[in-house]
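Below: one structure, written as structure tokens.
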Amino acid sequence: MSLFSRALVTTLPLVPKAAVGKVASRYVAGETLDEAVATIRRLNALGAAATVDVLGEEVTERAKAESAVAEYERALAAIDAAGLDANVSIKLTMLGLEIDRGFCRDNVERLARAAAGRGNSVRIDMEDATTTDATLAIYRELQPEVGNLGVVLQAYMRRTLADLDALPAEGANVRLCKGIYIEPRRIAWKGYETVRRNFVAALAKMLRRGIYAAIATHDEYLVCEARALLDEHRVPGDRYEFQMLLGVDEQLRDILIAEGHRMRVYVPYGTDWYPYSIRRLRENPEVARHVMRATIGRAFGRNSGRTRGAADHGFRSAGPPAARPPEDGASSGGSR
Ligand SMILES: Cc1cc2nc3c(=O)[nH]c(=O)nc-3n(C[C@H](O)[C@H](O)[C@H](O)COP(=O)(O)OP(=O)(O)OC[C@H]3O[C@@H](n4cnc5c(N)ncnc54)[C@H](O)[C@@H]3O)c2cc1C
């Protein structure tokens with residue numbers, strides 16, 4: 001990431017919330033469940049499934065974790081009622097992991113059973129490294145009982161290949177992504193090409209072991225490698241899927257759908273949209289540049305119409321440096 005890009009990313013939190021919201025709105029379905037349902041319906045019509053994320057994290061009060069569970073139950077009911085092709089993705093820190101592990105485990109079980117009752121499934125997102133052991137332990141504990149849980153492994157973690165070995169292949173369902181948190185070099189690979197290399201190695205291991213593979217990336221190189229591995233291992237179409245974030249590289253999404261691959265789009269919604277959007281913008285300083293330009297333009301009385309034009313084109317013009325994983329100390333961590 002260039003010095004200029006890094007400076008922009010660092011100053012993003014100073015940008016007025018309204019300006020961030022305007023440019024970042026493509027990453028978030030909206031504040032309400034109805035808006036999420038409308039987005040899923042549109043994605044389903046395009047041939048993509050969805051996974052719904054109720055925005056929010058790091059809950060420290062039981063009541064907040066319980067209301068998150070209730071919102072997910074509402075989402076599962078709405079998906080069922082509307083006959084949509086969508087499951088849900090949850091974060092354990094939002095379901096009380098930092099309050100009490102048993103409480104969190106019970107919340108996950110409650111949601112898994114609510115989903116199972118509707119023939120649906122739940123994916124446990126992976127958060128920062130302080131939660132990895134607990135996340136995998138809860139997944140390993142509950143999956144044999146409920147059977148409809150998936151988990152996530154991050155290619156930037158040095159432990160990922162070993163974590164794959166420790167998962168029972170039977171019924172395992174793993175989303176593989178690069179990883180978004182800022183972790184120390186002691187535990188995480190740092191080079192862009194190194195993370196790619198480990199992604200390919202992890203995916204190859206998943207396919208060799210017959211683990212259901214949810215391949216979550218917008219990196220065309222990895223998509224290309226994944227297609228070669230899927231072909232080499234003769235993986236049937238119902239044993240893998242590609243996954244992408246809402247609003248990111250829709251052209252690649254449509255190409256993969258047209259090629260006949262199963263595609264699932266991560267659809268976040270909720271009133272807690274701001275931190276999520278800042279993280280998406282951090283991944284793409286090209287867009288951050290447009291936000292800053294629009295903000296400065298407004299401050300100096302220029303035509304704010306530029307904001308809209310920039311927003312419409314900015315995301316698609318992301319250059320490779322924008323997508324490099326953050327280095328140590330570049331900025332604070334965050335979740336998807
Ligand atoms: C469905 C899904 C679920 C995820 N779940 C988790 C999780 O549970 N835990 C976790 O740590 N991480 C998660 N992530 C985030 C992931 O770890 C990466 O940070 C993110 O996907 C970017 O990595 P990439 O593989 O797309 O490669 P990158 O090299 O970052 O990006 C490749 C290309 O994609 C485009 N791109 C990437 N991001 C953006 C953006 N914001 N705006 C516009 N273009 C962009 C650019 O063109 C870029 O060149 C998830 C990602 C996806 C797609």
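Within each chain, counting starts at residue 1; across the structure tokens, chains are named A, B, ... in the order shown, with ligands numbered 1 upward in that order.
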Practice task
Skip segment 247-261 of chain A itself and residues of its chain fewer than 2 positions away, then list as JSON, numbers by chain all residues within 9 Å of it, counting only C-alpha atoms.
Solution key: {"A": [24, 25, 26, 27, 28, 46, 47, 48, 218, 220, 237, 240, 241, 242, 243, 244, 245, 263, 265, 315, 316]}
Exercise for the section: Please provide as a PyMOL selection string all residues within 9 Å of Gly147 of chain A, with the sequence filter that same-chain residues fewer than 5 positions apart are discarded (counting only C-alpha atoms). Expected result: chain A and resi 112+116+121+142+171-172
Practice task
In Å, rounded to a single decimal, give me how far atom CA of Thr11 of chain A is from atom 19 (O, counted along the ligand's line) of ligand 1.
Solution key: 19.9 Å
Practice task
Tell me which protein, DNA and RNA residues are within 12 Å of Leu161 of chain A, counting only C-alpha atoms, leaving out same-chain ones fewer than 3 positions away, and put them as a PyMOL selection string.
Solution key: chain A and resi 153-158+164-167+176+197-206+209
Handout entry: Every residue of segment 51-295 of chain A that DSSP places in strand (DSSP E), as JSON, numbers by chain
Key = {"A": [51, 52, 53, 54, 86, 87, 88, 89, 90, 122, 123, 124, 149, 150, 151, 152, 153, 154, 173, 174, 175, 176, 177, 212, 213, 214, 215, 216, 240, 241, 242, 243, 244, 245, 263, 264, 265, 266, 267, 268, 269]}
Exercise for the section: Determine, counting only C-alpha atoms, which protein, DNA and RNA residues have an atom within 12 Å of an atom of Asp106 of chain A; residues of the same chain fewer than 3 positions away are not included. Present the result as a VMD selection string. Expected result: chain A and resid 65 to 66 69 92 95 to 97 100 to 103 109 to 113 138 to 139 141 to 142
Could you write out the selected residues, including N, CA, C and O atoms, as a CSV table (one decimal), in the first residue's frame?
chain,number,residue,atom,x,y,z
A,65,ALA,N,-26.4,-9.6,23.2
A,65,ALA,CA,-26.2,-10.8,22.5
A,65,ALA,C,-27.6,-11.5,22.3
A,65,ALA,O,-27.8,-12.1,21.2
A,66,GLU,N,-28.5,-11.4,23.2
A,66,GLU,CA,-29.8,-12.1,23.1
A,66,GLU,C,-30.6,-11.4,22.0
A,66,GLU,O,-31.3,-12.0,21.2
A,69,VAL,N,-29.3,-12.7,18.7
A,69,VAL,CA,-29.9,-14.0,18.4
A,69,VAL,C,-31.3,-13.9,17.9
A,69,VAL,O,-31.7,-14.5,16.9
A,92,LEU,N,-19.1,-14.9,16.7
A,92,LEU,CA,-19.2,-15.3,18.1
A,92,LEU,C,-19.0,-14.2,19.1
A,92,LEU,O,-19.7,-14.2,20.2
A,95,LEU,N,-22.3,-12.9,19.8
A,95,LEU,CA,-23.2,-13.8,20.5
A,95,LEU,C,-22.7,-14.1,21.9
A,95,LEU,O,-23.1,-15.1,22.5
A,96,GLY,N,-21.8,-13.3,22.4
A,96,GLY,CA,-21.4,-13.3,23.8
A,96,GLY,C,-20.2,-14.1,24.1
A,96,GLY,O,-19.9,-14.4,25.3
A,97,LEU,N,-19.3,-14.3,23.1
A,97,LEU,CA,-18.1,-15.1,23.4
A,97,LEU,C,-17.2,-14.4,24.5
A,97,LEU,O,-16.6,-15.1,25.3
A,100,ASP,N,-19.3,-15.0,28.2
A,100,ASP,CA,-19.2,-16.3,28.8
A,100,ASP,C,-19.2,-17.3,27.7
A,100,ASP,O,-20.2,-17.3,26.8
A,101,ARG,N,-18.3,-18.2,27.6
A,101,ARG,CA,-18.2,-19.2,26.5
A,101,ARG,C,-19.4,-20.1,26.4
A,101,ARG,O,-19.9,-20.3,25.3
A,102,GLY,N,-19.9,-20.5,27.6
A,102,GLY,CA,-21.1,-21.4,27.6
A,102,GLY,C,-22.3,-20.7,27.1
A,102,GLY,O,-23.1,-21.3,26.3
A,103,PHE,N,-22.5,-19.4,27.5
A,103,PHE,CA,-23.6,-18.6,27.0
A,103,PHE,C,-23.5,-18.5,25.5
A,103,PHE,O,-24.5,-18.7,24.8
A,109,GLU,N,-26.0,-22.8,19.4
A,109,GLU,CA,-26.8,-24.0,19.3
A,109,GLU,C,-28.2,-23.6,19.0
A,109,GLU,O,-28.9,-24.2,18.2
A,110,ARG,N,-28.7,-22.6,19.7
A,110,ARG,CA,-30.1,-22.1,19.5
A,110,ARG,C,-30.3,-21.7,18.1
A,110,ARG,O,-31.3,-22.1,17.4
A,111,LEU,N,-29.4,-21.0,17.5
A,111,LEU,CA,-29.5,-20.5,16.1
A,111,LEU,C,-29.4,-21.7,15.2
A,111,LEU,O,-30.1,-21.8,14.2
A,112,ALA,N,-28.4,-22.6,15.5
A,112,ALA,CA,-28.3,-23.8,14.6
A,112,ALA,C,-29.6,-24.6,14.5
A,112,ALA,O,-30.0,-25.1,13.5
A,113,ARG,N,-30.2,-24.8,15.7
A,113,ARG,CA,-31.4,-25.6,15.7
A,113,ARG,C,-32.6,-24.8,15.1
A,113,ARG,O,-33.4,-25.4,14.4
A,138,ILE,N,-15.9,-24.5,19.6
A,138,ILE,CA,-17.4,-24.5,19.6
A,138,ILE,C,-18.0,-25.2,18.3
A,138,ILE,O,-18.9,-26.0,18.4
A,139,TYR,N,-17.3,-24.9,17.2
A,139,TYR,CA,-17.7,-25.6,16.0
A,139,TYR,C,-17.6,-27.1,16.1
A,139,TYR,O,-18.5,-27.9,15.8
A,141,GLU,N,-17.5,-28.9,18.7
A,141,GLU,CA,-18.4,-29.4,19.8
A,141,GLU,C,-19.8,-29.6,19.2
A,141,GLU,O,-20.5,-30.6,19.4
A,142,LEU,N,-20.3,-28.5,18.5
A,142,LEU,CA,-21.7,-28.5,18.1
A,142,LEU,C,-22.0,-29.2,16.8
A,142,LEU,O,-23.1,-29.8,16.7
Restrict the calculation to only C-alpha atoms, then for each residue of segment 53-151 of chain A with any atom at most 12 Å from an atom of segment 274-282 of chain A give the closest atom pair and their distance in Å to one decimal, rows by chain and rising residue number, as a Markdown table.
| residue | atom | partner | partner_atom | distance |
| --- | --- | --- | --- | --- |
| A:Asp53 | CA | A:Tyr276 | CA | 10.8 |
| A:Val54 | CA | A:Tyr276 | CA | 10.9 |
| A:Leu55 | CA | A:Tyr276 | CA | 7.6 |
| A:Gly56 | CA | A:Tyr276 | CA | 8.5 |
| A:Glu57 | CA | A:Pro275 | CA | 9.7 |
| A:Glu58 | CA | A:Pro275 | CA | 11.9 |
Exercise for the section: Take atom CA of Pro268 of chain A and atom CA of Thr60 of chain A and report the distance between them in Å, one decimal. Expected result: 21.0 Å
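Ranking A:Asp34, A:Glu232, A:Glu225, A:Glu127 by their shortest atom-to-atom distance to ligand 1, with only C-alpha atoms and all ligand atoms included, puts A:Glu127 first.
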Practice task
Can you check which residues of segment 4-58 of chain A DSSP gives as helix (DSSP H, G or I) on the backbone and send them as a ChimeraX atom specification?
Solution key: /A:4-14,17-27,33-46
Excluding Asp128 of chain A and its own-chain neighbours fewer than 2 positions away, which residues fall within 12 Å of it when counting only C-alpha atoms? Please give them as a short mmCIF file (atom, residue, chain, number, x, y, z; two decimals) with N, CA and C atoms, in the first residue's frame.
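What landed in part-v2.cif:
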data_model
loop_
_atom_site.label_atom_id
_atom_site.label_comp_id
_atom_site.auth_asym_id
_atom_site.auth_seq_id
_atom_site.Cartn_x
_atom_site.Cartn_y
_atom_site.Cartn_z
N GLU A 57 -20.71 -6.46 16.52
CA GLU A 57 -19.65 -7.35 17.03
C GLU A 57 -19.26 -6.94 18.44
N GLU A 58 -18.42 -7.74 19.04
CA GLU A 58 -17.86 -7.46 20.36
C GLU A 58 -18.89 -6.96 21.37
N LYS A 91 -21.13 -13.97 14.11
CA LYS A 91 -19.84 -13.72 14.77
C LYS A 91 -19.98 -14.06 16.24
N LEU A 92 -19.05 -14.87 16.74
CA LEU A 92 -19.19 -15.32 18.13
C LEU A 92 -19.05 -14.19 19.13
N THR A 93 -18.27 -13.16 18.82
CA THR A 93 -18.17 -12.05 19.79
C THR A 93 -19.49 -11.27 19.87
N ASP A 125 -18.46 -17.06 11.27
CA ASP A 125 -17.34 -16.27 10.75
C ASP A 125 -16.12 -16.44 11.66
N MET A 126 -14.93 -16.20 11.11
CA MET A 126 -13.72 -16.22 11.95
C MET A 126 -13.29 -14.79 12.23
N THR A 130 -7.43 -13.99 18.71
CA THR A 130 -7.73 -14.30 20.12
C THR A 130 -8.98 -15.18 20.22
N THR A 131 -9.74 -15.28 19.12
CA THR A 131 -10.98 -16.07 19.16
C THR A 131 -10.88 -17.39 18.39
N THR A 132 -9.75 -17.64 17.74
CA THR A 132 -9.66 -18.80 16.84
C THR A 132 -9.90 -20.12 17.57
N ASP A 133 -9.19 -20.32 18.69
CA ASP A 133 -9.32 -21.58 19.42
C ASP A 133 -10.76 -21.81 19.87
N ALA A 134 -11.37 -20.78 20.47
CA ALA A 134 -12.75 -20.93 20.98
C ALA A 134 -13.73 -21.16 19.83
N THR A 135 -13.51 -20.47 18.72
CA THR A 135 -14.41 -20.62 17.57
C THR A 135 -14.37 -22.04 17.03
N VAL A 152 -14.99 -20.94 9.33
CA VAL A 152 -14.12 -20.21 8.40
C VAL A 152 -12.67 -20.40 8.82
N LEU A 153 -11.79 -20.59 7.84
CA LEU A 153 -10.35 -20.57 8.12
C LEU A 153 -9.70 -19.49 7.25
N GLN A 154 -8.65 -18.88 7.82
CA GLN A 154 -8.00 -17.74 7.15
C GLN A 154 -6.63 -18.15 6.62
N TYR A 156 -4.13 -16.43 5.84
CA TYR A 156 -2.96 -15.73 6.38
C TYR A 156 -2.48 -16.32 7.71
N MET A 157 -3.23 -17.20 8.32
CA MET A 157 -2.81 -17.78 9.60
C MET A 157 -1.85 -18.95 9.37
N GLY A 179 -8.36 -13.55 5.13
CA GLY A 179 -8.34 -13.04 6.51
C GLY A 179 -8.20 -11.53 6.50
N ILE A 180 -8.93 -10.88 7.38
CA ILE A 180 -9.03 -9.42 7.33
C ILE A 180 -8.41 -8.72 8.54
N TYR A 181 -8.11 -9.46 9.60
CA TYR A 181 -7.60 -8.82 10.82
C TYR A 181 -6.10 -8.58 10.71
N ILE A 182 -5.60 -7.70 11.56
CA ILE A 182 -4.16 -7.43 11.53
C ILE A 182 -3.52 -8.25 12.65
N GLU A 183 -2.78 -9.27 12.22
CA GLU A 183 -2.19 -10.20 13.19
C GLU A 183 -0.67 -10.08 13.16
N PRO A 184 0.00 -10.40 14.27
CA PRO A 184 1.46 -10.32 14.27
C PRO A 184 2.09 -11.38 13.39
N ILE A 187 2.34 -15.21 14.10
CA ILE A 187 1.27 -16.18 13.85
C ILE A 187 0.67 -16.09 12.45
N ALA A 188 1.02 -15.04 11.72
CA ALA A 188 0.38 -14.85 10.40
C ALA A 188 1.40 -14.61 9.30
N SER A 332 -5.86 -0.26 12.69
CA SER A 332 -6.39 -1.20 13.66
C SER A 332 -7.16 -2.31 12.96
N GLY A 333 -7.35 -3.41 13.62
CA GLY A 333 -8.03 -4.55 13.01
C GLY A 333 -9.51 -4.35 12.89
N GLY A 334 -10.17 -5.35 12.33
CA GLY A 334 -11.61 -5.27 12.18
C GLY A 334 -12.11 -6.54 11.58
N SER A 335 -13.38 -6.70 11.51
CA SER A 335 -13.91 -7.92 10.93
C SER A 335 -14.46 -7.62 9.58
N ARG A 336 -14.93 -8.68 8.91
CA ARG A 336 -15.49 -8.47 7.62
C ARG A 336 -16.33 -7.25 7.64
#
Handout entry: Top pick for closest residue to ligand 1, considering A:Ser67, A:Thr194, A:Asn120, A:Thr51 and counting only C-alpha atoms and all ligand atoms
Key = A:Thr51
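Remark: for ligand 1, the closest of the candidate residues A:Ser89, A:Thr271, A:Thr39, A:Gln143 is A:Ser89 (distances computed over only C-alpha atoms and all ligand atoms).
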